[in-house]
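Q: To be precise about what I am sending: the file is called my_file01.cif and holds mmCIF, C-alpha atoms and all ligand atoms.
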```
data_entry
loop_
_atom_site.label_atom_id
_atom_site.label_comp_id
_atom_site.auth_asym_id
_atom_site.auth_seq_id
_atom_site.Cartn_x
_atom_site.Cartn_y
_atom_site.Cartn_z
CA MET A 7 107.49 103.56 93.62
CA SER A 8 108.05 104.84 90.12
CA ILE A 9 105.42 106.94 88.38
CA SER A 10 105.01 106.91 84.61
CA GLY A 11 102.94 109.54 82.88
CA HIS A 12 103.83 111.65 85.93
CA HIS A 13 102.24 115.06 85.80
CA ASN A 14 103.55 118.18 87.52
CA PRO A 15 100.49 120.17 88.48
CA THR A 16 100.36 123.80 87.54
CA ASP A 17 97.94 126.36 88.92
CA GLY A 18 95.46 125.77 86.10
CA ASP A 19 95.02 122.03 86.54
CA GLN A 20 95.74 121.53 90.22
CA ARG A 21 93.41 118.95 91.74
CA THR A 22 92.85 117.07 88.52
CA PHE A 23 93.68 113.37 88.37
CA HIS A 24 95.77 112.53 85.32
CA ARG A 25 96.14 108.98 84.03
CA THR A 26 99.32 107.52 85.51
CA THR A 27 100.80 104.07 86.00
CA LEU A 28 102.34 103.38 89.41
CA ASP A 29 105.08 100.74 89.33
CA LEU A 30 105.52 98.90 92.64
CA GLY A 31 107.91 96.31 91.24
CA ASP A 32 105.96 93.06 91.45
CA MET A 33 102.66 94.94 91.14
CA LEU A 34 101.51 97.60 88.70
CA LEU A 35 98.67 100.04 89.26
CA HIS A 36 97.18 100.88 85.86
CA PRO A 37 94.31 103.27 85.21
CA TRP A 38 91.30 101.11 84.36
CA GLY A 39 90.97 101.27 80.58
CA ARG A 40 88.29 100.92 77.97
CA ALA A 41 86.75 97.44 77.73
CA SER A 42 88.16 97.05 74.21
CA ASP A 43 91.67 97.86 75.49
CA GLU A 44 91.63 95.56 78.51
CA PRO A 45 92.67 91.91 78.29
CA ASP A 46 89.87 89.38 78.67
CA THR A 47 91.26 88.31 82.05
CA LEU A 48 90.47 91.74 83.52
CA LEU A 49 86.82 91.57 82.47
CA THR A 50 86.64 88.06 83.93
CA GLY A 51 88.32 89.35 87.10
CA LEU A 52 85.60 92.00 87.45
CA THR A 53 82.86 89.36 87.26
CA VAL A 54 84.71 87.20 89.82
CA ALA A 55 85.01 90.23 92.10
CA ALA A 56 81.27 90.97 91.88
CA ALA A 57 80.48 87.36 92.89
CA ASP A 58 82.72 87.40 95.98
CA PRO A 59 80.61 87.47 99.17
CA LEU A 60 82.88 89.94 101.01
CA ILE A 61 82.92 92.38 98.10
CA ALA A 62 79.16 91.91 97.67
CA LEU A 63 78.71 92.82 101.34
CA TRP A 64 81.19 95.67 101.85
CA ASN A 65 81.80 97.09 98.39
CA PRO A 66 79.11 95.83 95.98
CA LEU A 67 80.13 95.95 92.33
CA THR A 68 77.79 96.17 89.36
CA THR A 69 80.04 93.94 87.26
CA SER A 70 78.19 90.61 87.41
CA ASP A 71 78.50 89.97 83.68
CA ARG A 72 80.56 91.25 80.79
CA SER A 73 78.14 93.93 79.66
CA GLU A 74 77.87 95.27 83.21
CA ALA A 75 81.66 95.15 83.49
CA GLN A 76 81.93 97.17 80.27
CA ALA A 77 79.57 99.82 81.61
CA TRP A 78 81.55 99.90 84.87
CA LEU A 79 84.75 100.47 82.89
CA GLU A 80 83.14 103.30 80.95
CA ALA A 81 82.25 105.03 84.22
CA ARG A 82 85.90 104.70 85.41
CA GLN A 83 87.00 106.19 82.07
CA ASP A 84 84.65 109.09 82.53
CA GLY A 85 86.10 109.75 85.99
CA TRP A 86 89.62 109.89 84.54
CA ASP A 87 88.53 111.96 81.53
CA ARG A 88 87.00 114.58 83.82
CA GLY A 89 89.86 114.36 86.35
CA VAL A 90 87.41 113.78 89.20
CA SER A 91 88.24 110.21 90.13
CA ALA A 92 91.24 107.96 89.66
CA ALA A 93 90.50 104.23 89.48
CA PHE A 94 93.48 101.86 89.31
CA ALA A 95 93.57 98.16 88.52
CA ALA A 96 96.23 96.41 90.62
CA ARG A 97 97.89 93.80 88.42
CA ASN A 98 100.69 91.28 88.78
CA ALA A 99 103.75 92.60 87.00
CA THR A 100 104.65 89.12 85.72
CA ASP A 101 101.40 87.81 84.21
CA ASP A 102 99.10 90.86 84.31
CA ALA A 103 96.58 88.98 86.49
CA LEU A 104 94.08 91.22 88.23
CA LEU A 105 94.66 91.51 91.99
CA GLY A 106 92.29 94.27 92.99
CA SER A 107 91.30 97.89 92.58
CA VAL A 108 91.88 101.22 94.34
CA THR A 109 89.92 104.38 93.61
CA VAL A 110 90.41 107.88 94.93
CA ARG A 111 87.82 110.54 94.14
CA TRP A 112 87.17 114.13 95.06
CA VAL A 113 84.51 114.82 97.64
CA ASP A 114 85.21 118.56 97.63
CA ARG A 115 87.73 119.32 94.95
CA ALA A 116 88.11 123.02 95.74
CA ASP A 117 88.94 122.10 99.31
CA GLY A 118 91.31 119.23 98.43
CA LEU A 119 89.08 116.68 100.21
CA ALA A 120 89.06 113.19 98.70
CA MET A 121 87.91 109.68 99.58
CA ILE A 122 89.65 106.40 98.81
CA GLY A 123 88.29 102.85 98.52
CA TYR A 124 89.65 99.43 97.62
CA TRP A 125 88.91 95.76 97.08
CA THR A 126 91.05 92.76 96.31
CA LEU A 127 90.20 89.45 94.70
CA PRO A 128 89.87 86.55 97.18
CA ASN A 129 92.98 84.76 95.89
CA ALA A 130 95.08 87.91 96.27
CA ARG A 131 94.21 88.65 99.90
CA GLY A 132 96.37 88.53 103.00
CA ARG A 133 99.66 89.45 101.35
CA GLY A 134 99.59 93.21 101.52
CA VAL A 135 98.08 94.01 98.12
CA ALA A 136 95.43 96.42 99.47
CA THR A 137 97.87 98.05 101.88
CA ARG A 138 100.61 98.61 99.31
CA ALA A 139 98.26 99.75 96.55
CA THR A 140 96.32 102.11 98.82
CA SER A 141 99.54 103.59 100.22
CA ALA A 142 100.89 104.19 96.73
CA VAL A 143 97.69 105.85 95.46
CA THR A 144 97.54 107.98 98.63
CA THR A 145 101.08 109.26 98.13
CA TRP A 146 100.39 109.91 94.44
CA ALA A 147 97.20 111.88 95.21
CA PHE A 148 99.00 114.05 97.75
CA ARG A 149 102.03 114.65 95.54
CA THR A 150 100.54 115.09 92.11
CA ALA A 151 96.89 116.08 92.53
CA GLY A 152 97.07 118.47 95.46
CA ALA A 153 94.93 116.40 97.84
CA ARG A 154 94.90 117.97 101.30
CA ARG A 155 92.89 115.34 103.22
CA ILE A 156 91.85 111.83 102.16
CA GLU A 157 89.20 109.83 104.01
CA ILE A 158 88.38 106.14 104.33
CA ALA A 159 85.05 105.01 105.74
CA HIS A 160 84.48 101.32 106.44
CA ALA A 161 81.73 99.39 108.20
CA VAL A 162 82.62 98.79 111.83
CA GLY A 163 82.37 95.04 111.18
CA ASN A 164 84.89 95.16 108.34
CA LYS A 165 88.03 94.44 110.38
CA ALA A 166 90.28 93.78 107.39
CA SER A 167 89.50 97.20 105.93
CA CYS A 168 90.20 98.79 109.32
CA ARG A 169 93.66 97.17 109.29
CA VAL A 170 94.34 98.45 105.77
CA ALA A 171 93.36 102.00 106.81
CA HIS A 172 95.67 101.89 109.83
CA ARG A 173 98.53 100.35 107.88
CA CYS A 174 98.26 103.17 105.35
CA GLY A 175 98.44 105.86 108.02
CA TYR A 176 94.76 106.82 108.03
CA LEU A 177 94.09 107.80 111.64
CA PRO A 178 90.75 106.88 113.23
CA GLU A 179 88.53 109.91 113.81
CA GLY A 180 85.33 108.40 115.15
CA THR A 181 82.26 106.35 114.41
CA LEU A 182 79.53 107.46 112.02
CA ARG A 183 76.14 106.08 113.06
CA ASP A 184 74.00 104.20 110.52
CA SER A 185 75.89 106.11 107.87
CA HIS A 186 75.86 103.80 104.87
CA ARG A 187 73.69 101.07 103.43
CA PHE A 188 75.78 98.03 102.56
CA GLY A 189 75.26 94.98 100.37
CA ASP A 190 73.09 93.23 102.97
CA GLY A 191 70.57 96.06 102.59
CA ALA A 192 71.16 97.24 106.17
CA TYR A 193 72.61 100.51 107.43
CA HIS A 194 75.84 100.02 109.36
CA ASP A 195 77.92 102.27 111.58
CA GLU A 196 81.23 103.17 109.96
CA HIS A 197 84.65 104.11 111.24
CA LEU A 198 85.94 107.28 109.67
CA HIS A 199 89.70 107.38 109.09
CA ALA A 200 91.64 110.19 107.44
CA ARG A 201 95.14 111.09 106.43
CA LEU A 202 96.36 114.64 105.88
CA ALA A 203 99.02 115.62 103.37
CA THR A 204 100.97 116.99 106.32
CA ASP A 205 100.80 113.74 108.33
CA PRO A 206 104.03 111.77 108.61
CA GLU A 207 104.41 108.52 106.68
CA PRO A 208 102.85 105.70 108.73
CA ALA A 209 105.19 103.91 111.07
CA LYS A 210 103.69 101.44 113.50
CA PRO A 211 99.96 100.90 112.94
CA ALA A 212 97.68 101.87 115.80
CA LYS A 213 95.05 99.55 117.21
CA CYS A 214 91.56 99.55 115.71
CA PRO A 215 89.07 101.42 117.83
CA THR A 216 86.67 99.07 119.60
CA SER A 217 83.29 98.79 117.98
C1 LIG B 1 89.63 94.64 102.89
C2 LIG B 1 90.44 94.01 101.77
C3 LIG B 1 90.56 95.03 100.64
C4 LIG B 1 91.86 93.69 102.32
O1 LIG B 1 92.65 93.27 101.21
P1 LIG B 1 94.06 92.51 101.43
O2 LIG B 1 94.80 92.62 100.16
O3 LIG B 1 93.83 91.17 102.00
O4 LIG B 1 94.72 93.42 102.55
P2 LIG B 1 96.23 93.37 103.09
O5 LIG B 1 96.80 92.00 102.84
O6 LIG B 1 96.96 94.56 102.57
O7 LIG B 1 96.04 93.63 104.63
C5 LIG B 1 95.06 92.97 105.27
C6 LIG B 1 95.09 93.39 106.74
O8 LIG B 1 93.84 92.98 107.21
C7 LIG B 1 94.02 91.93 108.15
N1 LIG B 1 92.90 91.03 107.94
C8 LIG B 1 92.62 90.27 106.88
N2 LIG B 1 91.49 89.59 107.07
C9 LIG B 1 91.06 89.94 108.30
C10 LIG B 1 89.93 89.59 109.09
N3 LIG B 1 88.99 88.74 108.62
N4 LIG B 1 89.81 90.14 110.32
C11 LIG B 1 90.73 91.00 110.79
N5 LIG B 1 91.81 91.40 110.08
C12 LIG B 1 91.97 90.85 108.85
C13 LIG B 1 95.38 91.35 107.84
O9 LIG B 1 95.92 90.68 108.96
C14 LIG B 1 96.15 92.62 107.50
O10 LIG B 1 96.46 93.36 108.67
P3 LIG B 1 97.92 93.35 109.33
O11 LIG B 1 98.85 93.79 108.24
O12 LIG B 1 97.84 94.32 110.44
O13 LIG B 1 98.18 91.93 109.75
C15 LIG B 1 89.81 92.70 101.24
O14 LIG B 1 89.57 91.83 102.32
C16 LIG B 1 88.52 92.92 100.48
O15 LIG B 1 88.53 93.12 99.28
N6 LIG B 1 87.37 92.88 101.19
C17 LIG B 1 86.07 93.05 100.54
C18 LIG B 1 85.87 94.48 100.02
C19 LIG B 1 86.12 95.51 101.10
O16 LIG B 1 85.90 95.28 102.28
N7 LIG B 1 86.60 96.69 100.66
C20 LIG B 1 86.83 97.80 101.58
C21 LIG B 1 85.55 98.54 101.78
S1 LIG B 1 85.79 99.89 102.94
#
```
Turn the structure described in the file into structure tokens.

A:
Amino acid sequence: MSISGHHNPTDGDQRTFHRTTLDLGDMLLHPWGRASDEPDTLLTGLTVAAADPLIALWNPLTTSDRSEAQAWLEARQDGWDRGVSAAFAARNATDDALLGSVTVRWVDRADGLAMIGYWTLPNARGRGVATRATSAVTTWAFRTAGARRIEIAHAVGNKASCRVAHRCGYLPEGTLRDSHRFGDGAYHDEHLHARLATDPEPAKPAKCPTS
């Protein structure tokens, strides 16, 4: 992975996310930009994402139309501006098509505790986009932003997300009961996974815990 706009943290700005592009060869992870700076295809991609049933269930997006998508982009900008969250658009290196999104944000910045989340567009699924993008953002957050521990929580029924967490080296730590209200309006149990900065790079993924 090559990192452009790479920032070496100093004591004063440790644990601040700085806008960076992560180059994974065939895929680029770009900080989500202002609506006026983004190509039309990205705004369309956001409306397609919001309409996808799996995203609507497990990771609802308020980007159903262009004006909502613009407001969503402004919130991502604000996160970057304040250094509190880092939201990346995963794009095809060749044609810039939107593939998905990965966001890491501080839960307790002073303590180095962060949370990461992701979604991919239906036509980009099943070829490692979420796994590769989440791994890259994880490594970047450990190396450049001083993250100590990053968590993933996913609904117990969301098997694909569980696989992504395992693939990215996020170890299962237990089941949270009725911990989050999802897009179906119901509370679901969630698996909590976490990776520590001191954990080794993932090798062979472990099995998902049984629900
Ligand atoms: C979860 C999601 C991000 C996965 O994206 P993706 O790009 O297809 O993921 P990858 O291709 O990197 O890996 C998918 C893994 O899930 C597995 N998977 C995919 N669909 C699955 C399913 N329905 N049941 C079980 N496993 C599944 C794949 O086999 C792969 O695991 P493997 O490498 O061990 O074989 C995508 O399905 C999505 O956007 N879902 C809706 C939003 C969401 O759930 N976000 C996460 C909220 S916590």

Q: State, in Å with one decimal place, the distance from atom CA of Ser91 of chain A to atom CA of Ala209 of chain A.

A: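 Separating atom CA of Ser91 of chain A from atom CA of Ala209 of chain A is a distance of 27.7 Å.
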
Q: Between A:Leu48, A:Leu177, A:Ala171, A:Leu182, which residue has the minimum interatomic distance to ligand LIG 1 (chain B), considering all atoms listed in the file?

A: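 Looking only at the distances to ligand LIG 1 (chain B), the closest residue turns out to be A:Ala171.
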
Q: Against ligand LIG 1 (chain B), which residues of chain A fall within 6 Å? For each one I want the closest pair of atoms and the distance in Å (one decimal), counting only C-alpha atoms and all ligand atoms, rows by chain and increasing residue number, as a Markdown table.

A:
```
| residue | atom | partner | partner_atom | distance |
| --- | --- | --- | --- | --- |
| A:Leu60 | CA | B:LIG1 | C17 | 4.5 |
| A:Ile61 | CA | B:LIG1 | C17 | 4.0 |
| A:Trp64 | CA | B:LIG1 | O16 | 4.7 |
| A:Asn65 | CA | B:LIG1 | C18 | 5.1 |
| A:Gly123 | CA | B:LIG1 | S1 | 5.9 |
| A:Tyr124 | CA | B:LIG1 | N7 | 5.1 |
| A:Trp125 | CA | B:LIG1 | O15 | 3.5 |
| A:Thr126 | CA | B:LIG1 | O15 | 3.9 |
| A:Arg131 | CA | B:LIG1 | O3 | 3.3 |
| A:Gly132 | CA | B:LIG1 | O5 | 3.5 |
| A:Arg133 | CA | B:LIG1 | O5 | 4.1 |
| A:Gly134 | CA | B:LIG1 | O6 | 3.1 |
| A:Val135 | CA | B:LIG1 | O2 | 4.1 |
| A:Ala136 | CA | B:LIG1 | O2 | 3.9 |
| A:Thr137 | CA | B:LIG1 | O6 | 3.7 |
| A:Ala159 | CA | B:LIG1 | S1 | 5.9 |
| A:His160 | CA | B:LIG1 | S1 | 4.0 |
| A:Lys165 | CA | B:LIG1 | C11 | 4.4 |
| A:Ala166 | CA | B:LIG1 | O8 | 3.7 |
| A:Ser167 | CA | B:LIG1 | C1 | 4.0 |
| A:Arg169 | CA | B:LIG1 | O8 | 4.7 |
| A:Val170 | CA | B:LIG1 | C6 | 5.2 |
```

Q: What is the atom CA of Pro178 of chain A to atom CA of Val110 of chain A distance in Å?

A: 18.3 Å

Q: Pick the closest to Val108 of chain A from A:Ser185, A:Gln83, A:Thr140, A:Thr47: which is it, counting only C-alpha atoms?

A: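 Counting only C-alpha atoms, the residue closest to Val108 of chain A is A:Thr140.
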
Q: Determine, counting all atoms listed in the file, which protein, DNA and RNA residues have an atom within 6 Å of an atom of Thr109 of chain A; residues of the same chain fewer than 6 positions away are not included. Present the result as a PyMOL selection string.

A: chain A and resi 92-93+122-123

Q: If we count all atoms listed in the file and set the cut-off at 12 Å, which residues sit around segment 98-101 of chain A, ignoring sequence neighbours fewer than 6 positions away in its own chain? Please answer as a list of chain:residue names.

A: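 Near segment 98-101 of chain A, the qualifying residues are A:Thr27, A:Leu28, A:Asp29, A:Leu30, A:Gly31, A:Asp32, A:Met33, A:Leu34, A:Leu35, A:His36, A:Pro45, A:Thr47, A:Leu48, A:Ala130, A:Val135, A:Ala139.
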
Q: Take the residues from that selection and write them out as a PDB file, keeping the file's coordinate frame, keeping C-alpha atoms.

A:
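Here's the written file selection.pdb:
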```pdb
ATOM      1  CA  THR A  27     100.800 104.070  86.000  1.00  0.00           C
ATOM      2  CA  LEU A  28     102.340 103.380  89.410  1.00  0.00           C
ATOM      3  CA  ASP A  29     105.080 100.740  89.330  1.00  0.00           C
ATOM      4  CA  LEU A  30     105.520  98.900  92.640  1.00  0.00           C
ATOM      5  CA  GLY A  31     107.910  96.310  91.240  1.00  0.00           C
ATOM      6  CA  ASP A  32     105.960  93.060  91.450  1.00  0.00           C
ATOM      7  CA  MET A  33     102.660  94.940  91.140  1.00  0.00           C
ATOM      8  CA  LEU A  34     101.510  97.600  88.700  1.00  0.00           C
ATOM      9  CA  LEU A  35      98.670 100.040  89.260  1.00  0.00           C
ATOM     10  CA  HIS A  36      97.180 100.880  85.860  1.00  0.00           C
ATOM     11  CA  PRO A  45      92.670  91.910  78.290  1.00  0.00           C
ATOM     12  CA  THR A  47      91.260  88.310  82.050  1.00  0.00           C
ATOM     13  CA  LEU A  48      90.470  91.740  83.520  1.00  0.00           C
ATOM     14  CA  ALA A 130      95.080  87.910  96.270  1.00  0.00           C
ATOM     15  CA  VAL A 135      98.080  94.010  98.120  1.00  0.00           C
ATOM     16  CA  ALA A 139      98.260  99.750  96.550  1.00  0.00           C
TER      17      ALA A 139
END
```

Q: With all atoms listed in the file as the counted atoms, please give the residues lying no more than 12 Å from Arg72 of chain A, apart from itself and same-chain residues fewer than 6 positions off, as number ranges by chain.

A: A: 41-42, 46-54, 56, 78-79

Q: To one decimal place in Å, what is the distance between atom CA of Ala116 of chain A and atom CA of Arg187 of chain A?

A: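 It comes out at 27.4 Å.
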
Q: Counting all atoms listed in the file, which residue out of A:Ala151, A:Ala95, A:Ala57, A:Ala62 sits closest to Gly191 of chain A?

A: A:Ala62

Q: Rank A:Arg149, A:Arg173, A:Arg201, A:His24 by their smallest atom-to-atom distance to Val90 of chain A, using all atoms listed in the file, and report the top residue only.

A: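 Residue with the minimum atom-to-atom distance to Val90 of chain A: A:His24.
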
Q: Between A:Val113, A:Phe148, A:Ser70, A:Val162, which residue has the minimum interatomic distance to His186 of chain A, considering only C-alpha atoms?

A: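 Looking at the shortest contact to His186 of chain A, the residue is A:Val162.
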